[in-house]
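So this one's run29.csv, CSV, C-alpha atoms:
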chain,number,residue,atom,x,y,z
A,1,MET,CA,-32.4,14.2,9.8
A,2,TRP,CA,-32.8,14.9,6.0
A,3,LEU,CA,-29.4,13.5,5.2
A,4,THR,CA,-30.6,10.0,6.1
A,5,ASN,CA,-34.4,10.2,6.0
A,6,SER,CA,-34.8,11.7,2.5
A,7,SER,CA,-33.6,10.4,-0.9
A,8,VAL,CA,-32.1,13.9,-1.7
A,9,GLY,CA,-30.1,13.7,1.5
A,10,ARG,CA,-28.8,10.3,0.8
A,11,LYS,CA,-27.8,11.4,-2.8
A,12,PHE,CA,-26.1,14.4,-1.3
A,13,ILE,CA,-23.9,12.1,1.0
A,14,MET,CA,-23.2,10.0,-2.0
A,15,ALA,CA,-22.1,13.1,-3.9
A,16,VAL,CA,-19.8,14.5,-1.2
A,17,THR,CA,-18.2,11.1,-0.4
A,18,GLY,CA,-17.7,10.5,-4.1
A,19,ALA,CA,-16.1,13.8,-4.6
A,20,CYS,CA,-13.6,13.2,-1.8
A,21,LEU,CA,-12.8,9.7,-3.1
A,22,LEU,CA,-12.2,11.1,-6.6
A,23,ALA,CA,-9.8,13.6,-5.1
A,24,PHE,CA,-8.0,10.8,-3.3
A,25,VAL,CA,-7.8,8.7,-6.4
A,26,THR,CA,-6.3,11.6,-8.3
A,27,PHE,CA,-3.7,12.1,-5.5
A,28,HIS,CA,-2.9,8.4,-5.5
A,29,CYS,CA,-2.4,8.5,-9.3
A,30,LEU,CA,0.1,11.3,-8.9
A,31,MET,CA,1.9,9.5,-6.1
A,32,ASN,CA,2.3,6.5,-8.3
A,33,ALA,CA,3.8,8.7,-10.9
A,34,VAL,CA,6.5,9.6,-8.4
A,35,ALA,CA,7.4,5.9,-8.1
A,36,ILE,CA,8.1,6.0,-11.9
A,37,CYS,CA,10.1,9.2,-12.1
A,38,TRP,CA,11.8,9.2,-8.6
A,39,PRO,CA,11.5,5.7,-7.0
A,40,ALA,CA,13.6,6.8,-4.0
A,41,ALA,CA,11.4,9.8,-3.4
A,42,TYR,CA,8.4,7.4,-3.5
A,43,ASN,CA,9.9,5.4,-0.7
A,44,SER,CA,10.4,8.7,1.2
A,45,ILE,CA,6.7,9.4,0.8
A,46,CYS,CA,5.8,5.9,2.0
A,47,GLU,CA,7.9,6.6,5.1
A,48,PHE,CA,6.2,9.9,5.6
A,49,LEU,CA,2.8,8.3,5.3
A,50,GLY,CA,3.6,5.4,7.6
A,51,ALA,CA,2.0,4.8,11.0
A,52,ASN,CA,2.2,8.5,11.9
A,53,TRP,CA,-0.8,10.2,13.6
A,54,TYR,CA,-1.6,12.4,10.5
A,55,ALA,CA,-1.4,9.4,8.2
A,56,LEU,CA,-3.5,7.3,10.5
A,57,ILE,CA,-6.1,10.1,10.6
A,58,GLY,CA,-6.1,10.3,6.8
A,59,SER,CA,-6.4,6.5,6.4
A,60,ALA,CA,-9.3,6.4,8.9
A,61,ALA,CA,-11.0,9.3,7.1
A,62,ILE,CA,-10.7,7.5,3.7
A,63,ALA,CA,-12.0,4.3,5.2
A,64,VAL,CA,-15.1,6.1,6.6
A,65,LEU,CA,-15.7,7.8,3.2
A,66,VAL,CA,-15.5,4.4,1.4
A,67,ILE,CA,-17.9,2.7,3.9
A,68,LEU,CA,-20.4,5.6,3.7
A,69,HIS,CA,-20.3,5.6,-0.1
A,70,ILE,CA,-20.9,1.8,-0.2
A,71,VAL,CA,-23.6,1.8,2.4
A,72,TYR,CA,-25.5,4.7,0.8
A,73,ALA,CA,-25.1,3.2,-2.7
A,74,VAL,CA,-26.7,0.0,-1.6
A,75,TRP,CA,-29.3,1.8,0.4
A,76,LEU,CA,-30.3,4.0,-2.6
A,77,THR,CA,-30.3,1.0,-5.0
A,78,LEU,CA,-32.6,-1.0,-2.7
A,79,GLN,CA,-34.8,2.0,-2.3
A,80,ASN,CA,-35.1,2.5,-6.0
A,81,ARG,CA,-35.9,-1.1,-6.6
A,82,LYS,CA,-38.5,-1.1,-3.9
A,83,ALA,CA,-40.1,2.0,-5.4
A,84,ARG,CA,-40.3,0.5,-8.9
A,85,GLY,CA,-41.6,-2.8,-7.5
A,86,ASN,CA,-42.6,-5.2,-10.3
A,87,VAL,CA,-42.6,-2.5,-12.9
A,88,ARG,CA,-38.9,-3.0,-13.6
A,89,TYR,CA,-39.5,-6.6,-14.7
A,90,SER,CA,-42.0,-5.4,-17.3
A,91,ILE,CA,-39.5,-3.2,-19.1
A,92,SER,CA,-37.8,-5.2,-21.8
A,93,LYS,CA,-35.7,-2.4,-23.2
A,94,LYS,CA,-33.9,0.4,-21.4
A,95,PRO,CA,-34.3,4.0,-22.7
A,96,ALA,CA,-31.5,5.0,-25.1
A,97,THR,CA,-30.9,8.1,-23.0
A,98,VAL,CA,-29.8,6.1,-19.9
A,99,GLU,CA,-26.1,5.4,-19.8
A,100,TRP,CA,-24.9,1.8,-19.4
A,101,SER,CA,-22.7,2.9,-16.5
A,102,SER,CA,-25.7,4.5,-14.8
A,103,ARG,CA,-27.7,1.3,-15.0
A,104,ASN,CA,-24.7,-0.7,-13.6
A,105,MET,CA,-23.2,1.6,-11.0
A,106,LEU,CA,-23.7,-1.0,-8.2
A,107,VAL,CA,-22.1,-3.8,-10.2
A,108,LEU,CA,-19.2,-1.5,-11.2
A,109,GLY,CA,-18.8,-0.6,-7.5
A,110,ILE,CA,-18.6,-4.2,-6.5
A,111,VAL,CA,-15.8,-4.8,-9.1
A,112,ILE,CA,-13.9,-1.8,-7.8
A,113,LEU,CA,-14.4,-2.9,-4.2
A,114,ALA,CA,-12.9,-6.4,-5.1
A,115,PHE,CA,-10.0,-4.6,-6.8
A,116,LEU,CA,-9.5,-2.4,-3.7
A,117,VAL,CA,-9.3,-5.4,-1.5
A,118,VAL,CA,-6.5,-6.9,-3.7
A,119,HIS,CA,-4.7,-3.6,-3.6
A,120,LEU,CA,-5.0,-3.3,0.2
A,121,ILE,CA,-3.6,-6.8,0.6
A,122,GLN,CA,-0.7,-6.1,-1.7
A,123,PHE,CA,0.3,-2.8,-0.2
A,124,TRP,CA,-1.5,-1.4,2.9
A,125,ALA,CA,-1.6,-4.7,4.8
A,126,LYS,CA,2.2,-5.1,4.3
A,127,MET,CA,3.1,-1.5,5.1
A,128,GLN,CA,1.0,0.7,7.4
A,129,LEU,CA,-0.9,-2.2,9.0
A,130,GLN,CA,2.3,-3.9,10.0
A,131,GLU,CA,3.6,-0.7,11.5
A,132,ILE,CA,0.4,-0.4,13.5
A,133,ARG,CA,0.7,-3.9,14.8
A,134,GLY,CA,4.4,-3.4,15.6
A,135,ALA,CA,5.2,-6.7,14.0
A,136,ASP,CA,8.6,-7.9,13.0
A,137,MET,CA,8.9,-7.8,9.2
A,138,GLU,CA,11.3,-9.0,6.6
A,139,PHE,CA,10.8,-5.8,4.6
A,140,PRO,CA,10.9,-2.3,6.1
A,141,PRO,CA,7.4,-0.8,5.7
A,142,ALA,CA,8.9,2.3,3.9
A,143,ALA,CA,10.3,0.1,1.1
A,144,GLY,CA,7.3,0.9,-1.1
A,145,THR,CA,9.2,0.0,-4.3
A,146,LEU,CA,9.9,-3.5,-3.0
A,147,PHE,CA,6.1,-4.1,-2.5
A,148,ILE,CA,5.6,-2.8,-6.1
A,149,GLN,CA,8.2,-5.5,-7.1
A,150,GLN,CA,6.4,-8.2,-5.2
A,151,ALA,CA,3.0,-7.3,-6.5
A,152,PHE,CA,3.8,-6.7,-10.2
A,153,GLU,CA,6.2,-9.6,-10.7
A,154,MET,CA,3.2,-11.8,-10.4
A,155,PRO,CA,1.6,-12.3,-13.9
A,156,TRP,CA,-2.0,-11.9,-12.8
A,157,THR,CA,-1.6,-8.5,-11.0
A,158,LEU,CA,-1.6,-6.4,-14.2
A,159,ILE,CA,-4.7,-8.2,-15.4
A,160,VAL,CA,-6.6,-7.5,-12.2
A,161,TYR,CA,-5.5,-3.9,-12.3
A,162,VAL,CA,-6.6,-3.4,-15.9
A,163,ILE,CA,-10.1,-4.8,-15.0
A,164,GLY,CA,-10.2,-2.5,-12.0
A,165,PHE,CA,-9.2,0.6,-14.0
A,166,ILE,CA,-11.8,-0.1,-16.7
A,167,ALA,CA,-14.5,-0.5,-14.0
A,168,LEU,CA,-13.2,2.7,-12.3
A,169,TRP,CA,-13.4,4.6,-15.6
A,170,PHE,CA,-17.1,3.7,-16.2
A,171,HIS,CA,-17.9,4.3,-12.5
A,172,LEU,CA,-16.2,7.7,-12.3
A,173,THR,CA,-17.3,9.1,-15.7
A,174,HIS,CA,-20.9,8.7,-14.6
A,175,GLY,CA,-20.3,9.6,-11.0
A,176,PHE,CA,-18.4,12.8,-11.8
A,177,TRP,CA,-21.3,14.7,-13.4
A,178,SER,CA,-23.9,12.8,-11.3
A,179,MET,CA,-22.6,14.2,-8.0
A,180,PHE,CA,-23.1,17.7,-9.3
A,181,HIS,CA,-26.6,16.8,-10.5
A,182,SER,CA,-27.3,15.4,-7.0
A,183,VAL,CA,-26.4,18.7,-5.3
A,184,GLY,CA,-28.6,20.7,-7.6
A,185,TRP,CA,-26.2,21.8,-10.3
A,186,ASP,CA,-28.4,20.2,-13.0
A,187,ASN,CA,-29.1,22.9,-15.7
A,188,LYS,CA,-28.7,21.6,-19.3
A,189,VAL,CA,-25.7,23.8,-20.1
A,190,TRP,CA,-23.5,22.8,-17.2
A,191,ILE,CA,-24.4,19.2,-17.1
A,192,SER,CA,-23.1,18.9,-20.7
A,193,ARG,CA,-19.9,20.7,-19.7
A,194,LEU,CA,-19.5,18.6,-16.6
A,195,LYS,CA,-19.8,15.4,-18.6
A,196,THR,CA,-17.0,16.6,-20.9
A,197,ILE,CA,-14.8,17.7,-18.0
A,198,GLY,CA,-15.5,14.5,-16.1
A,199,CYS,CA,-14.7,12.3,-19.1
A,200,TRP,CA,-11.4,14.1,-19.7
A,201,TRP,CA,-10.4,14.1,-16.0
A,202,VAL,CA,-11.3,10.5,-15.4
A,203,SER,CA,-9.8,9.3,-18.7
A,204,ILE,CA,-6.4,11.0,-17.9
A,205,VAL,CA,-6.3,9.5,-14.4
A,206,CYS,CA,-7.2,6.0,-15.5
A,207,PHE,CA,-4.9,6.2,-18.5
A,208,LEU,CA,-2.0,7.2,-16.1
A,209,PHE,CA,-2.9,4.4,-13.7
A,210,LEU,CA,-2.8,1.9,-16.6
A,211,ALA,CA,0.5,3.3,-17.9
A,212,GLU,CA,1.9,3.1,-14.3
A,213,GLY,CA,0.8,-0.5,-14.0
A,214,ILE,CA,2.5,-1.4,-17.3
A,215,VAL,CA,5.8,0.3,-16.3
A,216,PHE,CA,5.7,-1.3,-12.8
A,217,THR,CA,5.2,-4.7,-14.5
A,218,VAL,CA,8.1,-4.2,-16.9
A,219,ARG,CA,10.4,-3.0,-14.2
A,220,ALA,CA,9.4,-5.7,-11.8
A,221,HIS,CA,10.2,-8.4,-14.4
A,222,GLU,CA,13.6,-6.6,-15.1
A,223,LYS,CA,14.2,-6.7,-11.3
A,224,TYR,CA,14.8,-3.0,-11.4
A,225,TYR,CA,13.6,-2.4,-7.9
A,226,LEU,CA,16.0,-5.0,-6.6
A,227,THR,CA,19.2,-4.1,-8.5
A,228,ASN,CA,19.0,-0.3,-8.8
A,229,GLU,CA,22.1,1.0,-6.9
A,230,THR,CA,20.3,4.2,-5.5
A,231,LEU,CA,17.5,2.1,-4.2
A,232,ARG,CA,19.8,-0.4,-2.6
A,233,GLU,CA,21.6,2.3,-0.7
A,234,GLN,CA,18.2,3.5,0.5
A,235,TYR,CA,17.1,0.0,1.5
A,236,LYS,CA,20.4,-0.3,3.4
A,237,ASP,CA,19.6,2.7,5.6
A,238,MET,CA,16.0,1.4,6.2
A,239,ILE,CA,17.4,-1.5,8.4
A,240,VAL,CA,18.5,1.1,11.0
A,241,PRO,CA,15.1,1.5,12.6
A,242,MET,CA,14.7,-2.3,12.6
A,243,LEU,CA,18.0,-2.6,14.6
A,244,GLU,CA,17.2,0.2,16.9
A,245,LYS,CA,13.8,-1.3,17.7
A,246,ASP,CA,15.2,-4.7,18.8
A,247,PHE,CA,18.7,-3.8,19.9
A,248,GLY,CA,17.9,-0.6,21.8
A,249,PRO,CA,21.0,1.5,22.8
A,250,ASP,CA,23.3,-1.3,21.7
A,251,ALA,CA,22.4,-0.6,18.1
A,252,ALA,CA,24.4,2.7,18.1
A,253,GLN,CA,27.6,0.8,17.9
A,254,PHE,CA,26.9,-0.5,14.4
A,255,THR,CA,24.2,1.8,12.9
A,256,THR,CA,26.7,4.5,12.4
A,257,GLN,CA,28.8,2.1,10.2
A,258,ILE,CA,25.7,1.1,8.3
A,259,LYS,CA,25.0,4.7,7.3
A,260,MET,CA,28.6,5.3,6.2
A,261,LEU,CA,29.5,2.1,4.5
A,262,PRO,CA,28.3,1.0,1.0
A,263,TYR,CA,25.6,-1.5,0.5
A,264,GLU,CA,27.8,-4.5,-0.3
A,265,GLN,CA,29.8,-4.3,2.9
A,266,VAL,CA,26.7,-3.8,5.1
A,267,SER,CA,25.0,-6.8,3.5
A,268,GLY,CA,28.0,-9.0,4.2
A,269,GLY,CA,28.4,-7.6,7.7
A,270,MET,CA,24.7,-8.2,8.6
A,271,LYS,CA,25.0,-11.8,7.5
A,272,GLN,CA,28.1,-12.4,9.5
A,273,MET,CA,26.6,-10.7,12.5
A,274,SER,CA,23.5,-12.8,12.2
A,275,GLN,CA,25.6,-15.9,12.3
A,276,GLY,CA,27.4,-14.7,15.4
A,277,VAL,CA,24.2,-13.8,17.3
A,278,ASN,CA,22.5,-17.1,16.3
A,279,SER,CA,25.6,-19.0,17.5
A,280,GLN,CA,25.5,-17.2,20.8
A,281,LEU,CA,21.8,-18.0,21.1
A,282,GLU,CA,22.5,-21.7,20.6
A,283,GLN,CA,25.0,-21.5,23.3
A,284,MET,CA,22.5,-19.9,25.7
A,285,LYS,CA,20.0,-22.7,24.9
A,286,SER,CA,22.5,-25.4,25.5
A,287,PRO,CA,22.5,-27.1,29.0
A,288,GLN,CA,25.6,-25.3,30.0
A,289,GLY,CA,24.2,-22.0,28.8
A,290,GLN,CA,20.9,-22.5,30.6
A,291,GLU,CA,22.9,-23.2,33.9
A,292,MET,CA,24.8,-19.9,33.4
A,293,LEU,CA,21.7,-18.0,32.8
A,294,LYS,CA,20.0,-19.3,35.9
A,295,GLN,CA,22.8,-17.9,37.9
A,296,GLN,CA,22.0,-14.4,36.7
A,297,PRO,CA,19.0,-12.5,38.1
A,298,ASP,CA,18.0,-11.3,34.6
A,299,GLY,CA,18.8,-14.5,32.8
A,300,ALA,CA,15.3,-14.9,31.4
A,301,LYS,CA,15.4,-11.3,30.0
A,302,ILE,CA,18.9,-11.9,28.5
A,303,LEU,CA,17.6,-15.0,26.6
A,304,LYS,CA,14.4,-13.2,25.5
A,305,ASP,CA,16.5,-10.2,24.2
A,306,ALA,CA,18.8,-12.6,22.4
A,307,GLU,CA,15.9,-14.3,20.7
A,308,LYS,CA,14.4,-11.0,19.6
A,309,GLN,CA,17.8,-9.8,18.2
A,310,ALA,CA,18.4,-13.1,16.4
A,311,LYS,CA,15.0,-12.9,14.8
A,312,CYS,CA,15.6,-9.2,13.8
A,313,LEU,CA,18.9,-10.2,12.1
A,314,ASP,CA,17.3,-13.2,10.4
A,315,ASN,CA,14.7,-10.9,8.9
A,316,ILE,CA,17.4,-8.5,7.7
A,317,VAL,CA,19.4,-11.3,6.1
A,318,LYS,CA,16.3,-12.5,4.3
A,319,PHE,CA,15.8,-8.9,3.2
A,320,PHE,CA,19.3,-8.7,1.7
A,321,ASP,CA,19.0,-12.2,0.2
A,322,TYR,CA,15.8,-11.1,-1.6
A,323,LEU,CA,17.5,-8.0,-3.0
A,324,GLU,CA,20.5,-10.1,-4.1
A,325,SER,CA,18.3,-12.9,-5.6
A,326,ALA,CA,18.5,-10.9,-8.9
A,327,ASP,CA,22.3,-11.0,-9.2
A,328,ASN,CA,25.3,-13.0,-8.3
A,329,LYS,CA,27.7,-10.4,-7.0
A,330,PRO,CA,30.1,-11.6,-4.3
A,331,GLN,CA,29.5,-9.9,-1.0
A,332,THR,CA,32.3,-8.4,1.1
A,333,GLN,CA,32.2,-9.2,4.7
A,334,LEU,CA,32.0,-6.4,7.3
A,335,PRO,CA,33.8,-7.2,10.6
A,336,VAL,CA,31.3,-7.8,13.3
A,337,PRO,CA,31.3,-4.9,15.7
A,338,ALA,CA,32.6,-5.8,19.1
A,339,GLY,CA,29.9,-6.0,21.7
A,340,GLN,CA,29.3,-7.1,25.2
A,341,ASN,CA,29.0,-10.9,25.8
A,342,ALA,CA,25.3,-11.7,26.3
A,343,TYR,CA,26.2,-13.7,29.4

Could you spell out this file's structure in structure tokens?
Amino acid sequence: MWLTNSSVGRKFIMAVTGACLLAFVTFHCLMNAVAICWPAAYNSICEFLGANWYALIGSAAIAVLVILHIVYAVWLTLQNRKARGNVRYSISKKPATVEWSSRNMLVLGIVILAFLVVHLIQFWAKMQLQEIRGADMEFPPAAGTLFIQQAFEMPWTLIVYVIGFIALWFHLTHGFWSMFHSVGWDNKVWISRLKTIGCWWVSIVCFLFLAEGIVFTVRAHEKYYLTNETLREQYKDMIVPMLEKDFGPDAAQFTTQIKMLPYEQVSGGMKQMSQGVNSQLEQMKSPQGQEMLKQQPDGAKILKDAEKQAKCLDNIVKFFDYLESADNKPQTQLPVPAGQNAY
């Protein structure tokens, strides 16, 4: 097959995958801009792009594109080095017409890959991956602004991102026109134009990324994503799916109150409710409680459900404690909704 057996075919795959990844990078830049202008809307986008079938297909497609781009980049580099043999060691000075980025595309790609790994650990691994795993989490996966807070409140994050953006700029400014050259659009007039278009496009995208990183850092150190009232109300509603997951139909008795009541009351109520459920769990695990559970046919299930619910509430309390770590506001207690005795 010419796509894999010929140098032209391999360059064509590099061009196509590179074009798709450039489009994704541009989309990602615009999505980050939403986090600056409308943080609550950014969280809504994160919820929309969670572990849904369309988002999973998109994530898988991007992963395939990245892997293909890397594999073919290494393949072409090794092929070119093998073709030159020892000749490349006899050249002491590179031609002036060869761009620095062209000579170092593989190195730039490695830097970008390292940056991508850091980015995935800080965001994707805490959001979509956790949804896929179905794991119990302290933070709702849709709370994208809180993951921005966690990432950019660390002093080294912005430094890593600046290095990544610089490498990305060099990589894309060369890659933009090179992908057109690889598919045959290589006349002198258009190559010059494409270099200009690519330089402007990539410069705007990387400049916006850099500006977004700076804004995220400033806001993270100001605790904006923890204290903003609009975001807190949104965070409050995000605990509803967590409760519904672990409490099942029983969650209906208090999720309605959560949606209606203000943040402060819900925060206090969840903390009080957590204390009550943990107290019940301790009673179940006591010798007397164990004896009572043994007398019931579904005693083991009751205990397991209680443990799951206690862990869910512990995570919610940690979630609220993290939000309130930036202030000292007294919390109003919400009466614990009456429920059936666990045993």

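Distance annotation: of A:Asp136, A:Glu229, A:Ser267, A:Val205, the residue with the minimal separation from Lys308 of chain A is A:Asp136; atom set is all atoms listed in the file.
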
Selected residue of minimal separation from Lys236 of chain A among A:Leu194, A:Val189, A:Leu116, A:Val317, counting all atoms listed in the file: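 Answer, going by the shortest atom-to-atom distance: A:Val317.
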
Among the residues A:Ala19, A:Ile121, A:Leu49, A:Asp298, the one that comes closest to Phe176 of chain A [using all atoms listed in the file]: A:Ala19

Atom CA of Ile148 of chain A to atom CA of Phe165 of chain A, straight-line distance in Å: 17.1 Å

Top pick for closest residue to Ile62 of chain A, considering A:Pro262, A:Lys245, A:Ala23, A:Ala300 and counting all atoms listed in the file: A:Ala23

Point-to-point distance in Å for atom CA of Gln234 of chain A and atom CA of Gln275 of chain A: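 Separation between atom CA of Gln275 of chain A and atom CA of Gln234 of chain A: 23.9 Å.
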
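Between atom CA of Ala220 of chain A and atom CA of Gln149 of chain A the interatomic distance comes to 4.9 Å.
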
Proximity to Thr230 of chain A - best of A:Thr157, A:Asn315, A:Ser274, A:Thr145, all atoms listed in the file: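 With all atoms listed in the file as the atom set, the closest residue is A:Thr145.
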
Exercise: Tyr42 of chain A partners within 8 Å, all atoms listed in the file, chain neighbours under 4 positions left out, as a list in words: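 Selected residues are Met31, Asn32, Val34, Ala35, Trp38, Cys46, Gly144 and Thr145 of chain A.
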
Give me the residues near Leu120 of chain A as a PDB file with C-alpha atoms, keeping the file's coordinate frame, where near means some atom within 12 Å (using all atoms listed in the file) and where sequence neighbours in that chain fewer than 5 positions away do not count.
ATOM      1  CA  SER A  59      -6.400   6.500   6.400  1.00  0.00           C
ATOM      2  CA  ALA A  63     -12.000   4.300   5.200  1.00  0.00           C
ATOM      3  CA  LEU A 113     -14.400  -2.900  -4.200  1.00  0.00           C
ATOM      4  CA  ALA A 114     -12.900  -6.400  -5.100  1.00  0.00           C
ATOM      5  CA  PHE A 115     -10.000  -4.600  -6.800  1.00  0.00           C
ATOM      6  CA  ALA A 125      -1.600  -4.700   4.800  1.00  0.00           C
ATOM      7  CA  LYS A 126       2.200  -5.100   4.300  1.00  0.00           C
ATOM      8  CA  MET A 127       3.100  -1.500   5.100  1.00  0.00           C
ATOM      9  CA  GLN A 128       1.000   0.700   7.400  1.00  0.00           C
ATOM     10  CA  LEU A 129      -0.900  -2.200   9.000  1.00  0.00           C
ATOM     11  CA  PHE A 147       6.100  -4.100  -2.500  1.00  0.00           C
ATOM     12  CA  ALA A 151       3.000  -7.300  -6.500  1.00  0.00           C
TER      13      ALA A 151
END

Nearest to Asp321 of chain A, chosen from A:Pro155, A:Pro241, A:Gly299, A:Gly268, with all atoms listed in the file counted in the distances: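 For Asp321 of chain A, the nearest of the given residues is A:Gly268.
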
Close residues, Ile204 of chain A itself excluded, 10 Å, only C-alpha atoms, min 5 positions apart in chain, as a PyMOL selection string: chain A and resi 26+29+169+198-199+209-210

Store the residues picked out above in a file with C-alpha atoms, as a short mmCIF file (atom, residue, chain, number, x, y, z; two decimals), keeping the file's coordinate frame.
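Generated output (out.cif):
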data_model
loop_
_atom_site.label_atom_id
_atom_site.label_comp_id
_atom_site.auth_asym_id
_atom_site.auth_seq_id
_atom_site.Cartn_x
_atom_site.Cartn_y
_atom_site.Cartn_z
CA THR A 26 -6.30 11.60 -8.30
CA CYS A 29 -2.40 8.50 -9.30
CA TRP A 169 -13.40 4.60 -15.60
CA GLY A 198 -15.50 14.50 -16.10
CA CYS A 199 -14.70 12.30 -19.10
CA PHE A 209 -2.90 4.40 -13.70
CA LEU A 210 -2.80 1.90 -16.60
#

12 Å contact set for Phe320 of chain A, all atoms listed in the file, chain neighbours under 3 positions out, as an NGL selection string: :A and (138-140 or 146 or 226-227 or 232-233 or 235-236 or 238-239 or 263-271 or 313-317 or 323-327 or 331)
